[in-house]
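One file, entry03.tsv, carrying TSV, C-alpha atoms:
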chain	number	residue	atom	x	y	z
A	675	MET	CA	116.80	135.81	118.73
A	676	THR	CA	113.77	134.38	116.98
A	677	ASP	CA	112.70	136.40	113.97
A	678	LEU	CA	111.00	135.63	110.67
A	679	LYS	CA	114.26	134.48	109.07
A	680	ALA	CA	114.99	132.09	111.94
A	681	ILE	CA	111.48	130.66	111.66
A	682	ARG	CA	111.80	130.23	107.91
A	683	ASP	CA	115.24	128.61	108.21
A	684	ALA	CA	113.91	126.17	110.80
A	685	ILE	CA	110.92	125.31	108.59
A	686	ILE	CA	113.22	124.65	105.61
A	687	ALA	CA	115.47	122.47	107.80
A	688	GLY	CA	112.40	120.58	109.03
A	689	LEU	CA	111.17	119.96	105.50
A	690	ALA	CA	114.63	118.72	104.51
A	691	GLU	CA	114.68	116.37	107.50
A	692	ALA	CA	111.18	115.07	106.84
A	693	GLN	CA	111.83	114.30	103.20
A	694	ASN	CA	115.47	113.23	103.39
A	695	HIS	CA	116.82	116.12	101.33
A	696	THR	CA	119.33	118.90	101.91
A	697	THR	CA	118.18	122.42	102.67
A	698	ASP	CA	119.67	123.51	99.35
A	699	GLU	CA	117.45	121.02	97.56
A	700	VAL	CA	114.42	122.34	99.42
A	701	GLU	CA	115.32	125.93	98.50
A	702	LYS	CA	115.67	124.94	94.86
A	703	ALA	CA	112.27	123.23	94.95
A	704	ILE	CA	110.79	126.40	96.45
A	705	GLN	CA	112.22	128.44	93.60
A	706	ASN	CA	110.78	126.00	91.09
A	707	VAL	CA	107.24	126.55	92.42
A	708	GLY	CA	107.53	130.33	92.57
A	709	GLY	CA	108.43	130.94	96.21
A	710	ASP	CA	107.23	130.23	99.73
A	711	GLY	CA	103.59	130.79	98.81
A	712	GLY	CA	103.70	128.13	96.10
A	713	PHE	CA	105.35	125.35	98.09
A	714	GLU	CA	102.52	123.24	99.48
A	715	ILE	CA	102.79	121.39	102.79
A	716	GLU	CA	100.56	118.46	103.62
A	717	SER	CA	99.01	118.42	107.11
A	718	LYS	CA	101.15	115.64	108.62
A	719	THR	CA	104.31	117.25	107.28
A	720	ALA	CA	103.17	120.51	108.83
A	721	GLU	CA	102.67	118.69	112.13
A	722	PHE	CA	106.23	117.39	111.98
A	723	VAL	CA	107.66	120.77	110.93
A	724	CYS	CA	105.91	122.60	113.79
A	725	ALA	CA	107.38	120.15	116.30
A	726	TYR	CA	110.78	120.42	114.62
A	727	VAL	CA	110.73	124.24	114.73
A	728	GLU	CA	109.73	124.15	118.38
A	729	GLN	CA	112.69	121.91	119.23
A	730	THR	CA	115.26	123.54	116.95
A	731	LEU	CA	114.59	127.09	118.07
A	732	GLY	CA	114.18	126.08	121.72
A	733	LEU	CA	111.08	128.23	121.89
A	734	GLY	CA	109.93	127.07	125.29
A	735	VAL	CA	106.33	127.49	124.18
A	736	LYS	CA	104.07	125.07	122.38
A	737	LEU	CA	103.26	126.00	118.81
A	738	PRO	CA	99.77	125.39	117.48
A	739	THR	CA	99.29	122.08	115.69
A	740	PRO	CA	97.72	121.83	112.24
A	741	CYS	CA	94.63	120.23	113.75
A	742	ASP	CA	94.11	123.47	115.67
A	743	LEU	CA	94.72	125.62	112.59
A	744	GLY	CA	92.74	126.12	109.43
A	745	PRO	CA	94.28	124.70	106.25
A	746	ASP	CA	94.95	128.24	105.03
A	747	GLN	CA	97.32	128.64	107.99
A	748	TYR	CA	99.65	125.73	107.25
A	749	ALA	CA	99.17	124.62	103.64
A	750	THR	CA	102.19	126.54	102.30
A	751	ILE	CA	105.55	127.61	103.69
A	752	ALA	CA	104.43	131.24	103.63
A	753	ALA	CA	101.25	130.41	105.55
A	754	LEU	CA	103.13	128.37	108.13
A	755	ILE	CA	105.67	131.14	108.72
A	756	GLY	CA	102.77	133.51	109.29
A	757	ALA	CA	101.00	131.14	111.70
A	758	ILE	CA	104.13	130.52	113.79
A	759	ALA	CA	105.16	134.18	113.79
A	760	GLY	CA	101.64	135.18	114.76
A	761	HIS	CA	101.66	132.74	117.65
A	762	LEU	CA	104.98	134.18	118.85
A	763	ASN	CA	103.85	137.78	118.27
A	764	ILE	CA	106.66	138.38	115.80
A	765	THR	CA	105.77	140.95	113.18
A	766	SER	CA	108.99	141.54	111.26
B	255	MET	CA	74.80	87.38	112.60
B	256	SER	CA	78.20	87.78	111.01
B	257	ILE	CA	78.49	89.07	107.46
B	258	PHE	CA	81.38	88.47	105.08
B	259	VAL	CA	81.93	90.90	102.21
B	260	ALA	CA	84.71	90.84	99.61
B	261	GLY	CA	86.13	93.27	97.09
B	262	GLN	CA	89.04	93.26	94.69
B	263	ASP	CA	90.22	96.76	95.61
B	264	ILE	CA	89.66	99.16	98.52
B	265	GLY	CA	86.87	101.05	96.77
B	266	GLU	CA	84.91	97.98	95.77
B	267	ALA	CA	85.31	96.36	99.19
B	268	TRP	CA	84.19	99.52	100.99
B	269	LEU	CA	81.20	99.96	98.67
B	270	ASN	CA	80.07	96.34	99.01
B	271	ALA	CA	80.34	96.57	102.79
B	272	PHE	CA	78.59	99.94	102.84
B	273	GLN	CA	75.72	98.55	100.75
B	274	ALA	CA	75.38	95.57	103.12
B	275	LEU	CA	75.12	98.01	106.01
B	276	ALA	CA	72.66	100.24	104.15
B	277	GLU	CA	70.36	97.23	103.67
B	278	ALA	CA	70.70	95.98	107.26
B	279	PRO	CA	68.14	96.74	109.99
B	280	HIS	CA	69.02	100.02	111.70
B	281	ARG	CA	72.00	100.26	109.32
B	282	GLN	CA	74.27	98.31	111.62
B	283	LEU	CA	75.88	94.88	111.62
B	284	ILE	CA	77.65	92.75	114.19
B	285	ASN	CA	80.95	91.24	113.01
B	286	LEU	CA	81.17	92.69	109.54
B	287	ALA	CA	84.26	91.12	107.93
B	288	VAL	CA	85.58	92.83	104.81
B	289	ASP	CA	88.15	91.10	102.62
B	290	ILE	CA	90.28	93.20	100.24
B	291	ALA	CA	92.14	91.07	97.70
B	292	ASP	CA	94.43	93.84	96.44
B	293	PRO	CA	94.80	96.52	99.13
B	294	LEU	CA	97.26	98.49	96.99
B	295	ALA	CA	94.49	99.40	94.53
B	296	GLU	CA	91.49	101.68	94.89
B	297	ASP	CA	88.69	103.11	92.81
B	298	PRO	CA	88.94	106.93	92.73
B	299	GLY	CA	85.35	107.17	91.51
B	300	VAL	CA	84.04	105.50	94.65
B	301	ARG	CA	86.31	107.62	96.82
B	302	SER	CA	85.21	110.85	95.13
B	303	ALA	CA	81.55	109.97	95.66
B	304	LEU	CA	82.28	109.47	99.34
B	305	GLU	CA	84.30	112.70	99.52
B	306	GLU	CA	81.36	114.58	97.99
B	307	HIS	CA	79.13	113.20	100.70
B	308	LEU	CA	81.63	114.07	103.44
B	309	ALA	CA	81.91	117.62	102.09
B	310	TRP	CA	78.10	117.91	102.14
B	311	LEU	CA	78.04	116.67	105.73
B	312	ARG	CA	80.67	119.21	106.76
B	313	ASP	CA	78.51	121.94	105.25
B	314	THR	CA	75.20	120.81	106.71
B	315	SER	CA	75.79	118.77	109.88
B	316	ALA	CA	76.42	120.35	113.25
B	317	GLU	CA	77.50	117.03	114.74
B	318	GLY	CA	80.09	114.46	113.76
B	319	SER	CA	83.66	114.59	112.55
B	320	TRP	CA	83.53	114.44	108.76
B	321	GLN	CA	87.20	114.50	107.83
B	322	SER	CA	88.42	113.64	104.34
B	323	VAL	CA	89.55	110.12	103.43
B	324	HIS	CA	93.13	111.38	103.20
B	325	THR	CA	93.01	112.87	106.71
B	326	VAL	CA	91.61	109.67	108.21
B	327	ALA	CA	94.19	107.51	106.42
B	328	ASN	CA	96.93	109.77	107.80
B	329	THR	CA	95.99	108.81	111.37
B	330	ILE	CA	97.18	105.25	110.64
B	331	PHE	CA	100.00	105.84	108.18
B	332	PRO	CA	101.03	109.40	107.19
B	333	ILE	CA	102.50	108.94	103.71
B	334	SER	CA	104.10	112.38	103.60
B	335	LEU	CA	106.53	111.29	106.35
B	336	TYR	CA	107.68	108.16	104.53
B	337	THR	CA	110.30	108.45	101.79
B	338	PRO	CA	111.28	104.91	100.79
B	339	GLY	CA	114.40	103.68	99.07
B	340	GLY	CA	117.14	104.81	101.44
B	341	PRO	CA	119.12	102.54	103.76
B	342	ASP	CA	117.46	104.13	106.80
B	343	SER	CA	114.04	104.94	105.35
B	344	ALA	CA	112.14	102.98	108.02
B	345	GLU	CA	114.11	104.52	110.86
B	346	ARG	CA	113.64	107.99	109.37
B	347	PHE	CA	109.90	107.37	109.15
B	348	PHE	CA	109.83	106.31	112.80
B	349	ARG	CA	111.66	109.50	113.82
B	350	ASN	CA	109.39	111.68	111.72
B	351	ALA	CA	106.19	110.04	112.94
B	352	THR	CA	107.26	110.11	116.59
B	353	THR	CA	108.28	113.78	116.41
B	354	ALA	CA	105.03	114.74	114.70
B	355	ASP	CA	102.90	112.79	117.14
B	356	ARG	CA	104.62	114.12	120.26
B	357	GLY	CA	104.28	117.63	118.84
B	358	ARG	CA	100.53	117.35	118.47
B	359	ARG	CA	99.77	116.01	121.94
B	360	HIS	CA	99.11	119.44	123.40
B	361	GLY	CA	96.67	120.27	120.61
B	362	ARG	CA	93.07	120.99	121.47
B	363	ARG	CA	91.91	117.92	119.55
B	364	SER	CA	94.65	115.53	120.62
B	365	GLN	CA	92.44	113.51	123.05
B	366	TRP	CA	93.74	109.95	122.91
B	367	GLY	CA	96.35	110.58	120.18
B	368	THR	CA	96.56	108.88	116.81
B	369	TYR	CA	96.92	105.30	115.68
B	370	ILE	CA	100.35	105.93	114.20
B	371	GLY	CA	101.40	107.45	117.52
B	372	ARG	CA	100.35	104.26	119.29
B	373	LEU	CA	102.18	102.14	116.74
B	374	VAL	CA	105.54	103.94	116.90
B	375	ASP	CA	105.45	105.40	120.41
B	376	TYR	CA	103.13	103.32	122.56
B	377	GLU	CA	103.15	104.01	126.26
B	378	ALA	CA	103.24	100.58	127.88
B	379	PRO	CA	102.35	99.89	131.51
B	380	GLY	CA	104.97	101.54	133.71
B	381	GLY	CA	105.52	104.39	131.28
B	382	THR	CA	107.94	102.59	128.96
B	383	ARG	CA	107.61	103.74	125.36
B	384	VAL	CA	107.58	101.05	122.70
B	385	ASN	CA	107.93	101.28	118.93
B	386	GLN	CA	105.66	98.42	117.88
B	387	LEU	CA	106.42	98.79	114.18
B	388	GLU	CA	110.15	98.60	114.84
B	389	ASN	CA	109.63	95.42	116.87
B	390	MET	CA	107.65	93.91	114.06
B	391	LEU	CA	110.17	94.88	111.39
B	392	ARG	CA	112.98	93.39	113.47
B	393	LEU	CA	111.24	90.02	113.47
B	394	LEU	CA	110.20	90.21	109.83
B	395	ARG	CA	113.76	91.02	108.81
B	396	GLY	CA	115.22	88.23	110.93
B	397	ASP	CA	117.01	85.16	109.63
B	398	ARG	CA	114.39	82.76	110.91
B	399	HIS	CA	111.01	82.78	109.26
B	400	TRP	CA	107.90	82.67	111.41
B	401	ALA	CA	104.53	82.75	109.71
B	402	ASP	CA	102.35	83.45	112.71
B	403	LEU	CA	104.64	85.10	115.23
B	404	TYR	CA	102.79	88.36	114.98
B	405	GLU	CA	99.53	87.03	116.32
B	406	ALA	CA	98.33	87.15	119.88
B	407	PRO	CA	95.05	88.18	121.43
B	408	LEU	CA	96.41	89.62	124.66
B	409	THR	CA	99.78	91.18	125.14
B	410	TYR	CA	101.47	94.48	125.66
B	411	PRO	CA	103.74	95.97	123.02
B	412	GLY	CA	107.38	95.07	123.32
B	413	GLU	CA	106.66	91.75	124.97
B	414	THR	CA	108.70	89.73	122.48
B	415	THR	CA	109.72	86.11	122.30
B	416	THR	CA	110.84	83.66	119.68
B	417	ASP	CA	108.43	81.01	120.90
B	418	PRO	CA	105.61	81.01	118.33
B	419	CYS	CA	103.11	79.86	120.93
B	420	LEU	CA	103.62	82.90	123.12
B	421	PRO	CA	102.59	86.52	122.68
B	422	SER	CA	104.98	88.40	120.47
B	423	ALA	CA	105.16	91.41	118.19
B	424	ASP	CA	101.54	92.02	117.47
B	425	MET	CA	100.33	95.61	117.49
B	426	THR	CA	98.17	96.89	120.30
B	427	VAL	CA	96.17	100.05	119.86
B	428	ILE	CA	93.84	99.79	122.82
B	429	GLY	CA	95.83	98.92	125.93
B	430	PRO	CA	95.34	98.31	129.61
B	431	GLY	CA	95.52	102.03	130.38
B	432	ASP	CA	92.59	102.93	128.16
B	433	ARG	CA	89.42	103.83	129.99
B	434	ARG	CA	87.58	105.80	127.34
B	435	ARG	CA	83.99	104.68	126.98
B	436	ARG	CA	83.10	106.69	123.89
B	437	GLY	CA	84.98	107.94	120.86
B	438	GLY	CA	88.35	106.68	119.69
B	439	PRO	CA	90.39	104.65	119.55
B	440	CYS	CA	88.13	102.28	117.64
B	441	LEU	CA	90.90	100.26	116.02
B	442	ALA	CA	91.64	97.63	118.65
B	443	HIS	CA	94.19	95.32	117.13
B	444	VAL	CA	96.35	94.79	114.06
B	445	SER	CA	98.04	91.52	113.21
B	446	ILE	CA	100.31	90.46	110.38
B	447	THR	CA	100.72	87.00	108.91
B	448	ALA	CA	103.79	86.19	106.80
B	449	VAL	CA	103.25	83.30	104.41
B	450	GLU	CA	105.21	82.41	101.27
B	451	GLY	CA	106.99	85.74	101.08
B	452	ARG	CA	103.92	87.92	101.46
B	453	LEU	CA	102.44	89.84	104.37
B	454	HIS	CA	98.72	89.77	105.09
B	455	LEU	CA	97.02	92.15	107.49
B	456	THR	CA	94.02	91.61	109.75
B	457	ALA	CA	92.53	94.49	111.73
B	458	GLN	CA	89.77	94.54	114.30
B	459	TYR	CA	87.63	97.56	115.09
B	460	ARG	CA	85.44	97.61	118.17
B	461	ARG	CA	83.20	100.10	116.38
B	462	HIS	CA	83.48	101.01	112.74
B	463	SER	CA	81.73	104.01	111.24
B	464	TYR	CA	81.40	103.53	107.51
B	465	VAL	CA	80.85	107.10	106.29
B	466	ALA	CA	83.37	109.00	108.39
B	467	ARG	CA	86.08	106.42	108.87
B	468	ALA	CA	86.07	103.06	107.07
B	469	TYR	CA	87.42	104.04	103.63
B	470	GLY	CA	90.23	106.11	105.17
B	471	ASN	CA	90.95	103.29	107.61
B	472	PHE	CA	91.25	100.78	104.76
B	473	LEU	CA	93.60	103.14	102.94
B	474	GLY	CA	95.76	103.80	106.00
B	475	LEU	CA	95.99	100.11	106.86
B	476	ALA	CA	96.96	99.28	103.26
B	477	ARG	CA	99.74	101.87	103.44
B	478	LEU	CA	100.90	100.42	106.74
B	479	LEU	CA	100.94	96.93	105.23
B	480	ASN	CA	102.91	98.21	102.23
B	481	PHE	CA	105.46	99.87	104.54
B	482	LEU	CA	106.05	96.69	106.55
B	483	ALA	CA	106.34	94.61	103.38
B	484	ALA	CA	108.64	97.01	101.56
B	485	GLU	CA	110.93	97.49	104.54
B	486	SER	CA	111.24	93.77	105.26
B	487	GLY	CA	111.59	92.44	101.72
B	488	HIS	CA	108.14	90.88	101.51
B	489	GLY	CA	105.35	91.20	99.00
B	490	VAL	CA	101.92	92.58	99.86
B	491	GLY	CA	99.15	90.05	100.37
B	492	GLY	CA	95.51	90.56	101.28
B	493	MET	CA	93.72	92.41	104.03
B	494	LEU	CA	90.77	91.57	106.27
B	495	VAL	CA	89.04	94.22	108.37
B	496	VAL	CA	86.53	93.13	111.00
B	497	GLY	CA	84.14	95.59	112.58
B	498	THR	CA	82.68	93.90	115.62
B	499	HIS	CA	80.05	96.66	115.56
B	500	ALA	CA	79.81	98.30	112.14
B	501	GLU	CA	77.39	101.12	111.40
B	502	ILE	CA	76.29	103.83	109.03
B	503	GLU	CA	76.05	107.06	110.96
B	504	GLN	CA	72.82	108.94	111.54
B	505	GLY	CA	72.13	111.90	109.30
B	506	THR	CA	73.85	110.40	106.29
B	507	ARG	CA	72.17	109.51	103.00
B	508	SER	CA	73.24	105.95	102.41
B	509	ARG	CA	71.05	105.13	99.41
B	510	GLU	CA	72.13	108.22	97.49
B	511	LEU	CA	75.76	107.50	98.34
B	512	VAL	CA	75.51	103.88	97.15
B	513	SER	CA	73.94	105.03	93.87
B	514	ALA	CA	76.54	107.75	93.29
B	515	ALA	CA	79.44	105.43	94.11
B	516	ARG	CA	78.13	102.62	91.90
B	517	ALA	CA	77.74	105.06	89.02
B	518	ALA	CA	81.29	106.34	89.47
B	519	GLN	CA	82.87	102.91	89.88
B	520	GLY	CA	85.16	101.31	87.31
B	521	ASN	CA	88.56	102.99	87.09
B	522	VAL	CA	90.81	101.15	89.53
B	523	ARG	CA	94.27	102.60	90.16
B	524	PRO	CA	97.23	102.00	92.49
B	525	ILE	CA	97.05	103.82	95.82
B	526	GLU	CA	99.75	106.25	96.91
B	527	THR	CA	102.05	104.62	99.45
B	528	SER	CA	104.73	107.22	100.16
B	529	ASN	CA	105.73	110.85	100.01
B	530	ARG	CA	105.46	112.84	96.82
B	531	ARG	CA	108.51	114.41	95.20
B	532	LEU	CA	109.88	117.52	96.85
B	533	GLY	CA	107.74	120.55	96.05
B	534	ALA	CA	104.89	118.55	94.54
B	535	SER	CA	101.38	119.84	94.92
B	536	TRP	CA	98.98	118.05	97.26
B	537	LYS	CA	95.97	119.62	95.60
B	538	ASP	CA	95.90	117.15	92.74
B	539	LEU	CA	94.40	114.29	94.74
B	540	GLU	CA	91.37	112.76	93.07
B	541	LEU	CA	88.93	114.70	95.16
B	542	PRO	CA	85.98	116.95	94.46
B	543	PRO	CA	86.91	120.64	94.75
B	544	ARG	CA	85.13	121.21	98.06
B	545	ALA	CA	87.02	118.34	99.68
B	546	LEU	CA	90.39	119.82	98.75
B	547	ASP	CA	90.06	122.44	101.47
B	548	GLU	CA	89.94	119.72	104.08
B	549	VAL	CA	92.99	117.93	102.72
B	550	LEU	CA	95.28	120.92	102.56
Represent the structure from my file as C-alpha cells, please.
Amino acid sequence: MTDLKAIRDAIIAGLAEAQNHTTDEVEKAIQNVGGDGGFEIESKTAEFVCAYVEQTLGLGVKLPTPCDLGPDQYATIAALIGAIAGHLNITS
Amino acid sequence: MSIFVAGQDIGEAWLNAFQALAEAPHRQLINLAVDIADPLAEDPGVRSALEEHLAWLRDTSAEGSWQSVHTVANTIFPISLYTPGGPDSAERFFRNATTADRGRRHGRRSQWGTYIGRLVDYEAPGGTRVNQLENMLRLLRGDRHWADLYEAPLTYPGETTTDPCLPSADMTVIGPGDRRRRGGPCLAHVSITAVEGRLHLTAQYRRHSYVARAYGNFLGLARLLNFLAAESGHGVGGMLVVGTHAEIEQGTRSRELVSAARAAQGNVRPIETSNRRLGASWKDLELPPRALDEVL
C-alpha cells in the first residue's frame, strides 16, 4: 500500500541512489539540516527522484515532473512528499 | 559576415559576444564564433547581471522562456546527478541522467526532450537507443590515441569505427528524425578533439539566443567537457561555440545589460562541475534574490 511513509522512504532511497550514498547517510544529513523541510533538492535531482519513486513503488501512474511544478512543490523533501501525495490523493 | 570573439572565462566570452551582437544591425549575426580559453572559470558578476535581467523579463514579459542560467546549463549537463571520484561515477551519472530524462518525457513541457537526454539516450533510426557519451568515453579511454576520431559532419550516434577517416563517436543532437521548424533543439552538434592530453570542445548552434540561452549553454557545455576529461584521464582544454544565427531577443535591454555586466565584471572564479555535498543548500548560488526562486 502506498502511504506517506512509503513515499518518503522511496524519496530517501532515490536521493541515496542519485548521490551514491546509503539511506542512513541521507537520513543523517536530513537530521543535520533540521528535518525534511530543511533538506533542499535541486530540480534535476527532483526529476530523477520522481522517476525513481514511480518505478520503485510501481505506481502505474505518471507523477508530475518538476518542470510542471512550481519550485515550492519540489525544492525540499517535505515539499516533494506533499506534491507526490497530492497527485496520488493520499492525505495521511 | 562571420565574427570571431574571444574571452578568457565564460563570463567574459559571453559578454564580449553579447556586446558584438548588441552593436550589430538588427542585433543579429551570422556565424558568431566564441572562443573560451578557460571554460572552467566564470565571472559571477557578469552572470548575476544577466540573472537580474532574466528575472526582470520573467516579471514583465508575457512571451519567451526566461529560465535561469543554472536551469539552462542543466539541460546539457545536470551537475546534481554527477558525483565524481568513484570507480563507476560515469556509469552512475548515465543511469541517473537516463532515468531523470525518461521520467520527464510525459511532462507538459517535455516537447523534444533535453540535450542531456539526447546525449545519453538518443533514439537512433530504427528505434535503437544510443548512449553517445558512453561511446565517446569508451574511445577516449582506449589504449590507442586518436586526436580527431570524434569529428564527423554527418553520422548517427553509435556508428563507430576505428578508421579516423570515417564517421565515429561524435555527438548528434539534431538527427534525421527531427522535423521541428521552430524552437529547440538549437544545439546541432558537439565535437571533441583530444590533443596532447587535453580535450577541446566545439559546439554548433543553428540558432543561438544570447539573453535566454547562451550563458547557460556555455556553462553546460563546459561541465560536459569537464566530465569527459575527468572520466577519461584528460585535462580540460578550450571551447569554441559557433552560432550560425546568433541573436539578441526582442524585448530585452541590451545596452543596459552590457553596462551592468561590465560594471560587475572582475571576480573570476572556478565553475561548479559536480554535485554538492549531501544536504547542502542550493540557495547559495551567486544569484540575485529574485532569481533564486527559479533555481530552486
**Report entry** Gap from CA of Ala295 (chain B) to CA of Pro524 (chain B) - Å, one decimal
**Finding:**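 Separation of CA of Ala295 (chain B) and CA of Pro524 (chain B): 4.3 Å.
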Query - Shell of 9 Å around region 679-690 of chain A, all atoms listed in the file, local chain residues under 2 positions omitted, as a PyMOL selection string - result: chain A and resi 675-677+692-701+715+719-720+722-728+730-731+751-752+754-755+758-759
Requested in this report: Fewer than 4 positions away in the same chain doesn't count, so skip those; otherwise give me all residues within 9 Å of His761 (chain A), counting only C-alpha atoms, as a ChimeraX atom specification.
Outcome: /A:737-738,756-757
Report task. Please write as a ChimeraX atom specification the list of polymer residues whose atoms come within 8 Å of (100.2, 124.8, 108.4), counting only C-alpha atoms and keeping to the coordinates of the file. Result -> /A:715-717,720-721,739-740,743-751,753-754,757
Query - Gap from CA of Ser319 (chain B) to CA of Ala278 (chain B) - Å, one decimal - result: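 That distance, rounded to one decimal, is 23.3 Å.
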Report task. Pick out the residues sitting within 10 Å of Arg523 (chain B), and hand them over as a list in words; count all atoms listed in the file, and ignore anything fewer than 6 positions along from it in its own chain. Result ->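 The contact residues come out as Asp263, Leu294, Ala295, Glu296, Asp297 and Pro298 of chain B.
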Requested in this report: Provide the CA of Leu283 (chain B) to CA of Ala267 (chain B) distance in Å, to one decimal place.
Outcome: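 These atoms are spaced 15.7 Å apart.
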Query - Within 12 Å of Gln458 (chain B) using only C-alpha atoms, minus same-chain residues under 3 positions, as a ChimeraX atom specification - result: /B:285-288,407,425-428,439-446,455,461-462,468,471-472,475,493-500
Atoms kept (C-alpha atoms) for selection, written as a PDB file, in the coordinates of the input:
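See out_3.pdb below for the written result:
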ATOM      1  CA  ASN B 285      80.950  91.240 113.010  1.00  0.00           C
ATOM      2  CA  LEU B 286      81.170  92.690 109.540  1.00  0.00           C
ATOM      3  CA  ALA B 287      84.260  91.120 107.930  1.00  0.00           C
ATOM      4  CA  VAL B 288      85.580  92.830 104.810  1.00  0.00           C
ATOM      5  CA  PRO B 407      95.050  88.180 121.430  1.00  0.00           C
ATOM      6  CA  MET B 425     100.330  95.610 117.490  1.00  0.00           C
ATOM      7  CA  THR B 426      98.170  96.890 120.300  1.00  0.00           C
ATOM      8  CA  VAL B 427      96.170 100.050 119.860  1.00  0.00           C
ATOM      9  CA  ILE B 428      93.840  99.790 122.820  1.00  0.00           C
ATOM     10  CA  PRO B 439      90.390 104.650 119.550  1.00  0.00           C
ATOM     11  CA  CYS B 440      88.130 102.280 117.640  1.00  0.00           C
ATOM     12  CA  LEU B 441      90.900 100.260 116.020  1.00  0.00           C
ATOM     13  CA  ALA B 442      91.640  97.630 118.650  1.00  0.00           C
ATOM     14  CA  HIS B 443      94.190  95.320 117.130  1.00  0.00           C
ATOM     15  CA  VAL B 444      96.350  94.790 114.060  1.00  0.00           C
ATOM     16  CA  SER B 445      98.040  91.520 113.210  1.00  0.00           C
ATOM     17  CA  ILE B 446     100.310  90.460 110.380  1.00  0.00           C
ATOM     18  CA  LEU B 455      97.020  92.150 107.490  1.00  0.00           C
ATOM     19  CA  ARG B 461      83.200 100.100 116.380  1.00  0.00           C
ATOM     20  CA  HIS B 462      83.480 101.010 112.740  1.00  0.00           C
ATOM     21  CA  ALA B 468      86.070 103.060 107.070  1.00  0.00           C
ATOM     22  CA  ASN B 471      90.950 103.290 107.610  1.00  0.00           C
ATOM     23  CA  PHE B 472      91.250 100.780 104.760  1.00  0.00           C
ATOM     24  CA  LEU B 475      95.990 100.110 106.860  1.00  0.00           C
ATOM     25  CA  MET B 493      93.720  92.410 104.030  1.00  0.00           C
ATOM     26  CA  LEU B 494      90.770  91.570 106.270  1.00  0.00           C
ATOM     27  CA  VAL B 495      89.040  94.220 108.370  1.00  0.00           C
ATOM     28  CA  VAL B 496      86.530  93.130 111.000  1.00  0.00           C
ATOM     29  CA  GLY B 497      84.140  95.590 112.580  1.00  0.00           C
ATOM     30  CA  THR B 498      82.680  93.900 115.620  1.00  0.00           C
ATOM     31  CA  HIS B 499      80.050  96.660 115.560  1.00  0.00           C
ATOM     32  CA  ALA B 500      79.810  98.300 112.140  1.00  0.00           C
TER      33      ALA B 500
END
Query - Best match for closeness to Pro293 (chain B) among B:Trp268, B:Tyr336, B:Trp536, B:Trp310, counting only C-alpha atoms - result: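 Looking at the shortest contact to Pro293 (chain B), the residue is B:Trp268.
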Requested in this report: Choose the residue, out of B:Ile330, B:Ala276, B:Ile502, B:Ile290, that has the smallest atom-to-atom separation from chain A; count all atoms listed in the file.
Outcome: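 So, comparing all the options, the nearest one is B:Ile330.
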Query raised in the report: Need the neighbours of (112.8, 90.6, 101.9): which residues are at most 10 Å away, counting only C-alpha atoms, as a VMD selection string?
Result: chain B and resid 394 to 396 451 to 452 483 to 489
Query - Pick from B:Leu387, B:Leu269, B:Met255, B:Leu532 nearest to chain A, counting all atoms listed in the file - result: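 That would be B:Leu532, the residue with the smallest distance to chain A.
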**Report entry** Minimum-distance residue to chain A, chosen among B:Thr456, B:Ser528, B:Ser334, B:Ser302 (using all atoms listed in the file)
**Finding:**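 Comparing B:Thr456, B:Ser528, B:Ser334, B:Ser302 against chain A, the winner is B:Ser334.
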Report task. Rank nothing, just name the residue among A:Lys702, A:Gly760, A:Thr765, A:Gly734 nearest to chain B, using all atoms listed in the file. Result -> A:Lys702
Query - Pick from B:Gly520, B:Pro379, B:Gly318, B:Gly340, whichever lies nearest to chain A using only C-alpha atoms - result: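 Going through B:Gly520, B:Pro379, B:Gly318, B:Gly340 one by one, the smallest distance to chain A is for B:Gly340.
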